[in-house]
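Coordinates as given in query_4.cif (mmCIF, C-alpha atoms and all ligand atoms):
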data_query
#
loop_
_atom_site.label_atom_id
_atom_site.label_comp_id
_atom_site.auth_asym_id
_atom_site.auth_seq_id
_atom_site.Cartn_x
_atom_site.Cartn_y
_atom_site.Cartn_z
CA MET A 1 12.76 -56.33 54.71
CA LYS A 2 9.96 -55.31 57.01
CA ARG A 3 11.58 -51.90 57.38
CA ILE A 4 11.75 -51.47 53.57
CA LEU A 5 8.06 -52.41 53.23
CA VAL A 6 7.06 -49.83 55.81
CA LEU A 7 9.13 -47.22 53.93
CA LEU A 8 7.42 -48.05 50.59
CA VAL A 9 3.96 -47.84 52.15
CA GLY A 10 4.97 -44.49 53.62
CA VAL A 11 6.06 -43.15 50.21
CA VAL A 12 2.82 -44.32 48.57
CA LEU A 13 0.70 -42.73 51.29
CA PHE A 14 2.71 -39.50 51.01
CA SER A 15 2.19 -39.43 47.21
CA CYS A 16 -1.53 -40.01 47.57
CA ASN A 17 -1.74 -37.25 50.10
CA GLN A 18 0.15 -34.86 47.77
CA LYS A 19 -2.20 -35.68 44.87
CA THR A 20 -5.20 -35.13 47.06
CA GLU A 21 -3.93 -31.73 48.12
CA LYS A 22 -3.24 -30.75 44.47
CA ASP A 23 -6.65 -31.94 43.34
CA SER A 24 -8.37 -30.04 46.04
CA LYS A 25 -6.40 -26.93 45.08
CA ASP A 26 -7.52 -27.29 41.42
CA ASP A 27 -11.06 -27.83 42.59
CA THR A 28 -10.85 -24.67 44.61
CA ILE A 29 -9.73 -22.67 41.54
CA GLU A 30 -12.49 -24.17 39.42
CA ASN A 31 -15.06 -23.64 42.10
CA SER A 32 -14.00 -20.07 42.63
CA ALA A 33 -14.50 -19.44 38.87
CA GLU A 34 -17.85 -21.14 38.96
CA VAL A 35 -19.02 -19.35 42.03
CA LEU A 36 -18.39 -15.86 40.58
CA VAL A 37 -21.34 -14.01 41.89
CA GLU A 38 -24.03 -13.35 39.29
CA PRO A 39 -24.32 -9.58 38.82
CA THR A 40 -27.46 -8.10 40.26
CA LYS A 41 -26.95 -4.51 39.08
CA PRO A 42 -26.64 -3.36 35.42
CA GLU A 43 -23.47 -1.33 36.10
CA GLU A 44 -21.57 -4.46 37.15
CA THR A 45 -21.42 -5.53 33.45
CA GLU A 46 -20.78 -2.06 31.97
CA PHE A 47 -17.18 -1.07 31.13
CA TYR A 48 -15.74 2.35 30.29
CA GLU A 49 -12.31 1.44 28.94
CA PRO A 50 -10.50 0.93 26.68
CA VAL A 51 -12.27 3.64 24.71
CA PRO A 52 -12.22 2.83 20.95
CA PRO A 53 -10.95 5.56 18.62
CA THR A 54 -13.46 7.67 16.76
CA VAL A 55 -13.46 7.17 12.97
CA ASN A 56 -15.38 9.36 10.59
CA PRO A 57 -16.69 6.74 8.13
CA THR A 58 -17.04 9.27 5.34
CA GLY A 59 -13.97 11.40 6.00
CA GLN A 60 -12.23 13.06 3.08
CA ASN A 61 -13.72 11.91 -0.27
CA GLY A 62 -15.87 9.31 1.45
CA VAL A 63 -12.89 7.37 2.83
CA PRO A 64 -12.74 6.50 6.55
CA SER A 65 -10.71 9.11 8.40
CA ASP A 66 -8.07 6.63 9.64
CA ALA A 67 -7.57 4.88 6.29
CA ILE A 68 -4.41 4.97 4.18
CA VAL A 69 -5.38 5.96 0.64
CA LEU A 70 -3.38 3.92 -1.87
CA PHE A 71 -5.05 5.26 -4.99
CA ASP A 72 -7.47 8.15 -5.47
CA GLY A 73 -7.12 8.65 -9.22
CA THR A 74 -4.64 11.50 -9.10
CA SER A 75 -1.31 9.71 -9.30
CA LEU A 76 0.52 6.37 -9.63
CA ASP A 77 3.19 7.58 -7.21
CA GLY A 78 2.22 5.02 -4.58
CA TRP A 79 2.74 2.12 -7.01
CA GLU A 80 5.60 0.39 -8.77
CA ARG A 81 6.03 -2.39 -11.31
CA ALA A 82 6.11 -5.62 -9.31
CA GLN A 83 8.74 -7.55 -11.24
CA ASP A 84 11.55 -5.01 -10.94
CA ARG A 85 10.14 -2.22 -8.75
CA GLY A 86 10.34 0.04 -11.82
CA LYS A 87 7.87 2.73 -12.80
CA ALA A 88 4.21 1.71 -12.93
CA THR A 89 3.03 1.90 -16.55
CA TRP A 90 -0.71 1.74 -16.05
CA VAL A 91 -2.93 4.41 -17.61
CA LEU A 92 -4.53 7.07 -15.42
CA ASN A 93 -8.10 7.91 -16.39
CA ASP A 94 -9.13 11.41 -15.37
CA ASP A 95 -12.80 10.91 -16.19
CA ASP A 96 -13.52 8.31 -13.50
CA LYS A 97 -10.38 8.62 -11.36
CA SER A 98 -9.28 5.08 -12.23
CA MET A 99 -6.21 3.32 -13.57
CA THR A 100 -6.08 0.60 -16.22
CA VAL A 101 -3.66 -2.27 -16.80
CA ASN A 102 -1.17 -1.20 -19.44
CA ARG A 103 2.25 -2.45 -20.47
CA GLY A 104 3.43 0.80 -22.02
CA ASP A 105 6.18 0.30 -24.58
CA SER A 106 7.22 -3.02 -23.13
CA ASP A 107 5.97 -6.57 -23.46
CA ASP A 108 6.96 -7.21 -19.86
CA ASN A 109 4.32 -8.11 -17.36
CA ALA A 110 2.94 -4.88 -15.94
CA THR A 111 1.63 -6.16 -12.60
CA ILE A 112 1.92 -3.37 -10.05
CA GLN A 113 2.22 -3.29 -6.28
CA SER A 114 1.85 -0.69 -3.60
CA LYS A 115 5.10 0.82 -2.39
CA LYS A 116 3.78 0.58 1.15
CA VAL A 117 3.72 -2.86 2.74
CA PHE A 118 1.14 -4.27 5.10
CA GLY A 119 0.29 -7.08 7.47
CA SER A 120 -3.33 -7.47 8.51
CA VAL A 121 -5.68 -5.02 6.84
CA GLN A 122 -9.17 -3.99 5.98
CA LEU A 123 -9.04 -3.29 2.25
CA HIS A 124 -11.50 -1.51 -0.02
CA ILE A 125 -10.94 -1.69 -3.76
CA GLU A 126 -13.11 -1.17 -6.83
CA TRP A 127 -12.56 -2.80 -10.20
CA LYS A 128 -14.13 -2.90 -13.63
CA SER A 129 -13.95 -5.44 -16.43
CA PRO A 130 -13.32 -4.07 -19.93
CA GLU A 131 -16.56 -3.06 -21.68
CA LYS A 132 -15.30 -4.64 -24.88
CA ILE A 133 -15.75 -8.36 -24.28
CA GLU A 134 -12.82 -10.40 -25.52
CA GLY A 135 -11.62 -13.93 -24.84
CA LYS A 136 -13.32 -16.55 -22.73
CA GLY A 137 -12.74 -18.47 -19.51
CA GLN A 138 -9.66 -17.23 -17.70
CA ASN A 139 -8.80 -14.93 -20.61
CA ARG A 140 -11.77 -12.58 -20.17
CA GLY A 141 -11.10 -9.63 -17.89
CA ASN A 142 -8.61 -11.52 -15.75
CA SER A 143 -6.71 -9.64 -13.06
CA GLY A 144 -6.36 -10.15 -9.33
CA VAL A 145 -5.83 -8.52 -5.97
CA PHE A 146 -2.98 -10.06 -3.97
CA LEU A 147 -2.71 -9.62 -0.21
CA GLN A 148 0.89 -9.31 0.96
CA GLY A 149 1.84 -9.83 -2.68
CA LEU A 150 1.16 -13.58 -2.37
CA TYR A 151 -2.51 -14.49 -1.93
CA GLU A 152 -4.85 -13.76 -4.84
CA ILE A 153 -8.50 -12.84 -4.79
CA GLN A 154 -9.48 -13.49 -8.38
CA VAL A 155 -10.79 -10.69 -10.57
CA LEU A 156 -12.52 -11.99 -13.69
CA ASP A 157 -15.37 -11.16 -16.06
CA ASN A 158 -17.46 -14.22 -15.28
CA ASN A 159 -20.67 -12.93 -16.79
CA ASP A 160 -21.88 -15.61 -19.23
CA ASN A 161 -18.38 -16.97 -19.04
CA ASP A 162 -17.83 -20.20 -17.13
CA THR A 163 -14.50 -21.40 -15.81
CA TYR A 164 -13.26 -23.66 -13.01
CA VAL A 165 -15.10 -22.53 -9.89
CA ASN A 166 -12.02 -22.26 -7.68
CA GLY A 167 -10.69 -19.80 -10.24
CA GLN A 168 -13.87 -17.82 -10.84
CA VAL A 169 -14.42 -14.23 -9.79
CA GLY A 170 -14.10 -13.87 -6.01
CA SER A 171 -12.28 -17.14 -5.51
CA ILE A 172 -9.11 -17.38 -3.48
CA TYR A 173 -7.36 -18.58 -6.59
CA LYS A 174 -7.14 -22.38 -6.87
CA GLN A 175 -8.18 -22.70 -3.21
CA SER A 176 -11.54 -21.40 -2.13
CA ILE A 177 -14.70 -21.32 -4.24
CA PRO A 178 -16.67 -18.12 -3.52
CA LEU A 179 -19.98 -18.50 -1.69
CA ALA A 180 -21.73 -16.61 -4.49
CA LYS A 181 -21.12 -14.85 -7.79
CA ALA A 182 -22.11 -11.25 -7.11
CA SER A 183 -20.78 -9.45 -10.19
CA VAL A 184 -22.44 -6.40 -11.68
CA PRO A 185 -22.88 -6.21 -15.48
CA THR A 186 -19.64 -6.17 -17.47
CA GLY A 187 -18.26 -2.65 -17.68
CA ASP A 188 -19.83 -1.51 -14.38
CA TRP A 189 -17.83 -0.98 -11.20
CA ASN A 190 -17.47 -3.82 -8.69
CA SER A 191 -16.21 -3.49 -5.14
CA TYR A 192 -14.30 -5.85 -2.90
CA ASP A 193 -14.27 -5.20 0.82
CA VAL A 194 -11.76 -7.45 2.53
CA VAL A 195 -10.80 -8.28 6.10
CA TYR A 196 -7.44 -10.03 6.03
CA HIS A 197 -5.34 -11.34 8.89
CA ALA A 198 -1.74 -12.14 8.01
CA PRO A 199 -0.16 -15.54 8.68
CA GLU A 200 2.42 -15.97 11.42
CA PHE A 201 5.75 -17.82 11.31
CA ASN A 202 8.19 -18.94 13.98
CA ASP A 203 11.94 -18.30 14.00
CA ALA A 204 12.51 -21.56 12.11
CA GLY A 205 10.36 -20.21 9.27
CA GLU A 206 7.45 -22.57 9.93
CA LYS A 207 3.91 -21.28 9.70
CA THR A 208 2.33 -21.19 13.15
CA LYS A 209 -0.92 -19.50 12.18
CA SER A 210 -2.67 -19.39 8.82
CA ALA A 211 -3.90 -16.19 7.21
CA THR A 212 -7.66 -15.69 7.19
CA ILE A 213 -9.74 -13.73 4.75
CA THR A 214 -13.28 -12.44 4.54
CA VAL A 215 -14.48 -10.83 1.31
CA LEU A 216 -17.64 -8.93 0.42
CA HIS A 217 -18.25 -8.58 -3.32
CA ASN A 218 -20.56 -5.65 -3.95
CA GLY A 219 -21.71 -6.04 -0.35
CA VAL A 220 -22.36 -9.80 -0.66
CA LEU A 221 -20.37 -12.17 1.54
CA ILE A 222 -18.34 -14.44 -0.75
CA GLN A 223 -15.44 -15.56 1.48
CA ASP A 224 -16.30 -16.15 5.13
CA HIS A 225 -13.19 -16.12 7.32
CA TYR A 226 -11.48 -18.59 4.99
CA GLU A 227 -8.20 -20.00 6.27
CA ILE A 228 -5.68 -19.50 3.47
CA LYS A 229 -3.64 -22.63 2.79
CA GLY A 230 -0.66 -20.79 1.30
CA THR A 231 0.31 -19.08 -1.95
CA THR A 232 -2.06 -19.22 -4.92
CA PRO A 233 -0.02 -20.49 -7.89
CA TYR A 234 -1.42 -21.33 -11.33
CA ILE A 235 0.38 -24.67 -11.20
CA GLY A 236 1.15 -26.60 -8.02
CA TRP A 237 0.03 -26.72 -4.40
CA PRO A 238 -0.02 -23.74 -2.05
CA LYS A 239 3.37 -22.93 -0.54
CA ASN A 240 4.18 -21.27 2.76
CA PRO A 241 7.38 -19.26 2.51
CA PRO A 242 7.93 -17.24 5.68
CA HIS A 243 7.40 -13.53 5.16
CA GLY A 244 6.78 -10.26 6.88
CA LYS A 245 4.70 -7.37 5.65
CA GLY A 246 4.00 -7.22 1.92
CA PRO A 247 2.38 -5.01 -0.73
CA ILE A 248 -1.07 -4.99 -2.23
CA LYS A 249 -0.44 -6.34 -5.72
CA LEU A 250 -2.71 -5.86 -8.76
CA GLN A 251 -2.28 -8.38 -11.54
CA ASP A 252 -1.64 -7.79 -15.22
CA HIS A 253 -3.08 -10.90 -16.87
CA GLY A 254 -3.18 -9.34 -20.33
CA SER A 255 -6.61 -7.77 -20.00
CA PRO A 256 -7.26 -4.00 -19.58
CA VAL A 257 -9.00 -4.21 -16.20
CA SER A 258 -9.42 -0.93 -14.30
CA TYR A 259 -9.19 -0.10 -10.59
CA ARG A 260 -10.16 2.89 -8.47
CA ASN A 261 -10.74 4.09 -4.91
CA ILE A 262 -8.25 1.86 -3.08
CA TRP A 263 -7.70 2.28 0.65
CA VAL A 264 -6.66 0.18 3.61
CA ARG A 265 -7.02 0.34 7.37
CA GLU A 266 -4.18 -1.40 9.17
CA LEU A 267 -5.30 -4.00 11.70
CA ASP A 268 -1.99 -4.74 13.40
MG MG A 301 -6.08 -13.45 -11.85
#
As structure tokens, how would this structure be written, given the file I've shared?
Ligand code: MG
Amino acid sequence: MKRILVLLVGVVLFSCNQKTEKDSKDDTIENSAEVLVEPTKPEETEFYEPVPPTVNPTGQNGVPSDAIVLFDGTSLDGWERAQDRGKATWVLNDDDKSMTVNRGDSDDNATIQSKKVFGSVQLHIEWKSPEKIEGKGQNRGNSGVFLQGLYEIQVLDNNDNDTYVNGQVGSIYKQSIPLAKASVPTGDWNSYDVVYHAPEFNDAGEKTKSATITVLHNGVLIQDHYEIKGTTPYIGWPKNPPHGKGPIKLQDHGSPVSYRNIWVRELD
């Protein structure tokens, strides 16, 4: 019995000793981080790499030189009808290099999407509500810009036209109320400048990181690094289906909204 007691005391003392050694090792790491010597010369905090690429901010036609132009007014070749990947039926307008929602000979929804697909992007897009004011609430100049084909930034003629605020112009539809309403007069051109980071999913299809979005409406911050909860349906809660890259989608909501000057810079 006495021998067993001595053995137990020995084990306890050994364990304590081990812990002490580990703690002191951690302390040493912490201390070494804390005791990093404060620089005394300016060059000690000046770095020369990695060197960022040079971008001409007003490259060809005023578009940044490393941007992918999705629409410049000359062609709908980069776009397709979203529901069946058929031919885009929107009208090209030579006078202002824009395109306008149009269903052509069909009653089918004419929502279009870019043929190219994207993850995280910087997006520039300009849009215009119809000059002829028709309808009210959600039925006046409704369209939308969808990131990765799933997450809508609302486009709406909200001038003297109230609606639910999480569905007003600049909202992340049914999710995030914009910080301000920064629309120009109906019939003038608006711009959205967007910084969007795509969500991430694990192999089991579960979301591991939410998408985030920042939006400037005519230069005014209206979404400030908002964490997107999921898809933006008209009815129901946001959903989070796993997905990879997706298109920029422009909504046909039955109103002849126009778009022009669309470009993206890929961020991944
Ligand atoms: Mg819409």
- [ ] Could you tell me which of A:Arg265, A:Lys209, A:Lys229, A:Arg260 comes closest to A:Trp127 if we count only C-alpha atoms?
- [x]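 Of all the options, A:Arg260 lies closest to A:Trp127.
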Surroundings of ligand MG 301 (chain A) up to 12 Å, based on only C-alpha atoms and all ligand atoms, as a CSV table (one decimal) with C-alpha atoms, in the frame of the given file:
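Contents of selection.csv, as written:
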chain,number,residue,atom,x,y,z
A,111,THR,CA,1.6,-6.2,-12.6
A,137,GLY,CA,-12.7,-18.5,-19.5
A,138,GLN,CA,-9.7,-17.2,-17.7
A,139,ASN,CA,-8.8,-14.9,-20.6
A,140,ARG,CA,-11.8,-12.6,-20.2
A,141,GLY,CA,-11.1,-9.6,-17.9
A,142,ASN,CA,-8.6,-11.5,-15.8
A,143,SER,CA,-6.7,-9.6,-13.1
A,144,GLY,CA,-6.4,-10.2,-9.3
A,145,VAL,CA,-5.8,-8.5,-6.0
A,146,PHE,CA,-3.0,-10.1,-4.0
A,150,LEU,CA,1.2,-13.6,-2.4
A,151,TYR,CA,-2.5,-14.5,-1.9
A,152,GLU,CA,-4.8,-13.8,-4.8
A,153,ILE,CA,-8.5,-12.8,-4.8
A,154,GLN,CA,-9.5,-13.5,-8.4
A,155,VAL,CA,-10.8,-10.7,-10.6
A,156,LEU,CA,-12.5,-12.0,-13.7
A,157,ASP,CA,-15.4,-11.2,-16.1
A,158,ASN,CA,-17.5,-14.2,-15.3
A,166,ASN,CA,-12.0,-22.3,-7.7
A,167,GLY,CA,-10.7,-19.8,-10.2
A,168,GLN,CA,-13.9,-17.8,-10.8
A,169,VAL,CA,-14.4,-14.2,-9.8
A,170,GLY,CA,-14.1,-13.9,-6.0
A,171,SER,CA,-12.3,-17.1,-5.5
A,172,ILE,CA,-9.1,-17.4,-3.5
A,173,TYR,CA,-7.4,-18.6,-6.6
A,174,LYS,CA,-7.1,-22.4,-6.9
A,232,THR,CA,-2.1,-19.2,-4.9
A,233,PRO,CA,0.0,-20.5,-7.9
A,234,TYR,CA,-1.4,-21.3,-11.3
A,249,LYS,CA,-0.4,-6.3,-5.7
A,250,LEU,CA,-2.7,-5.9,-8.8
A,251,GLN,CA,-2.3,-8.4,-11.5
A,252,ASP,CA,-1.6,-7.8,-15.2
A,253,HIS,CA,-3.1,-10.9,-16.9
A,254,GLY,CA,-3.2,-9.3,-20.3
A,255,SER,CA,-6.6,-7.8,-20.0
A,257,VAL,CA,-9.0,-4.2,-16.2
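Going from atom CA of A:Ser129 over to atom CA of A:Trp189, you cover 7.9 Å.
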TODO: For atom CA of A:Lys97 and atom CA of A:Tyr259, quote the distance in Å rounded to one decimal.
DONE: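 We find that atom CA of A:Lys97 and atom CA of A:Tyr259 lie 8.8 Å from each other.
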For A:Ile125, find every residue with an atom within 9 Å (counting only C-alpha atoms), except residues of its own chain fewer than 2 positions away, and show them as a CSV table (one decimal) with C-alpha atoms, keeping the file's coordinate frame.
chain,number,residue,atom,x,y,z
A,123,LEU,CA,-9.0,-3.3,2.2
A,127,TRP,CA,-12.6,-2.8,-10.2
A,145,VAL,CA,-5.8,-8.5,-6.0
A,190,ASN,CA,-17.5,-3.8,-8.7
A,191,SER,CA,-16.2,-3.5,-5.1
A,192,TYR,CA,-14.3,-5.8,-2.9
A,193,ASP,CA,-14.3,-5.2,0.8
A,194,VAL,CA,-11.8,-7.4,2.5
A,259,TYR,CA,-9.2,-0.1,-10.6
A,260,ARG,CA,-10.2,2.9,-8.5
A,261,ASN,CA,-10.7,4.1,-4.9
A,262,ILE,CA,-8.2,1.9,-3.1
A,263,TRP,CA,-7.7,2.3,0.6
A,264,VAL,CA,-6.7,0.2,3.6
TODO: Just give me the gap between atom CA of A:Phe118 and atom CA of A:Glu266 in Å, one decimal is fine.
DONE: 7.3 Å
Open item on the list: With all atoms listed in the file as the counted atoms, please give the residues lying no more than 10 Å from A:Ala88, apart from itself and same-chain residues fewer than 2 positions off, as a PyMOL selection string.
Closed with: chain A and resi 76-82+85-86+90-91+101-104+110-114
- [ ] Taking the point (1.2, -5.9, 8.2) as given in the file, collect each protein or nucleic acid residue that comes within 12 Å of it, counting all atoms listed in the file, and present the set as an NGL selection string.
- [x] :A and (116-122 or 147-149 or 196-200 or 211 or 243-248 or 264-268)
Could you turn the residues from that selection into a file that holds C-alpha atoms, as a PDB file, in the frame of the given file?
ATOM      1  CA  LYS A 116       3.780   0.580   1.150  1.00  0.00           C
ATOM      2  CA  VAL A 117       3.720  -2.860   2.740  1.00  0.00           C
ATOM      3  CA  PHE A 118       1.140  -4.270   5.100  1.00  0.00           C
ATOM      4  CA  GLY A 119       0.290  -7.080   7.470  1.00  0.00           C
ATOM      5  CA  SER A 120      -3.330  -7.470   8.510  1.00  0.00           C
ATOM      6  CA  VAL A 121      -5.680  -5.020   6.840  1.00  0.00           C
ATOM      7  CA  GLN A 122      -9.170  -3.990   5.980  1.00  0.00           C
ATOM      8  CA  LEU A 147      -2.710  -9.620  -0.210  1.00  0.00           C
ATOM      9  CA  GLN A 148       0.890  -9.310   0.960  1.00  0.00           C
ATOM     10  CA  GLY A 149       1.840  -9.830  -2.680  1.00  0.00           C
ATOM     11  CA  TYR A 196      -7.440 -10.030   6.030  1.00  0.00           C
ATOM     12  CA  HIS A 197      -5.340 -11.340   8.890  1.00  0.00           C
ATOM     13  CA  ALA A 198      -1.740 -12.140   8.010  1.00  0.00           C
ATOM     14  CA  PRO A 199      -0.160 -15.540   8.680  1.00  0.00           C
ATOM     15  CA  GLU A 200       2.420 -15.970  11.420  1.00  0.00           C
ATOM     16  CA  ALA A 211      -3.900 -16.190   7.210  1.00  0.00           C
ATOM     17  CA  HIS A 243       7.400 -13.530   5.160  1.00  0.00           C
ATOM     18  CA  GLY A 244       6.780 -10.260   6.880  1.00  0.00           C
ATOM     19  CA  LYS A 245       4.700  -7.370   5.650  1.00  0.00           C
ATOM     20  CA  GLY A 246       4.000  -7.220   1.920  1.00  0.00           C
ATOM     21  CA  PRO A 247       2.380  -5.010  -0.730  1.00  0.00           C
ATOM     22  CA  ILE A 248      -1.070  -4.990  -2.230  1.00  0.00           C
ATOM     23  CA  VAL A 264      -6.660   0.180   3.610  1.00  0.00           C
ATOM     24  CA  ARG A 265      -7.020   0.340   7.370  1.00  0.00           C
ATOM     25  CA  GLU A 266      -4.180  -1.400   9.170  1.00  0.00           C
ATOM     26  CA  LEU A 267      -5.300  -4.000  11.700  1.00  0.00           C
ATOM     27  CA  ASP A 268      -1.990  -4.740  13.400  1.00  0.00           C
TER      28      ASP A 268
END
Open item on the list: Which residue is closest to A:Thr186? Choose from A:Thr212, A:Thr100, A:Asn159, A:Thr40 and count all atoms listed in the file.
Closed with: A:Asn159
- [ ] Identify which of the residues A:Met99, A:Val55, A:Leu36, A:Thr45 lies closest to A:Phe71, counting all atoms listed in the file when measuring atom-to-atom distances.
- [x]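 Between A:Met99, A:Val55, A:Leu36, A:Thr45, the residue approaching A:Phe71 most closely is A:Met99.
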TODO: Please identify all polymer residues within 6 Å of A:Ile213, counting only C-alpha atoms, omitting same-chain residues fewer than 2 positions from it, and present them as a list in words.
DONE: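 The filter keeps Val195, Tyr196, His225 and Tyr226 of chain A.
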- [ ] Give me the residues within 6 Å of stretch 220-222 of chain A as a list in words, counting all atoms listed in the file and dropping any in the same chain fewer than 2 places off.
- [x] Pro178, Leu179, Ala180, Val215, Leu216, His217 and Asn218 of chain A
Using the file's own x, y and z axes, so that the box edges lie along x, y and z, what centre and edge lengths in Å (one decimal) does a box around every listed atom of stretch 221-231 of chain A get when 5 Å is added on each side? Give it as lines of an AutoDock Vina configuration file.
center_x = -10.0
center_y = -17.4
center_z = 2.7
size_x = 30.7
size_y = 20.5
size_z = 19.3
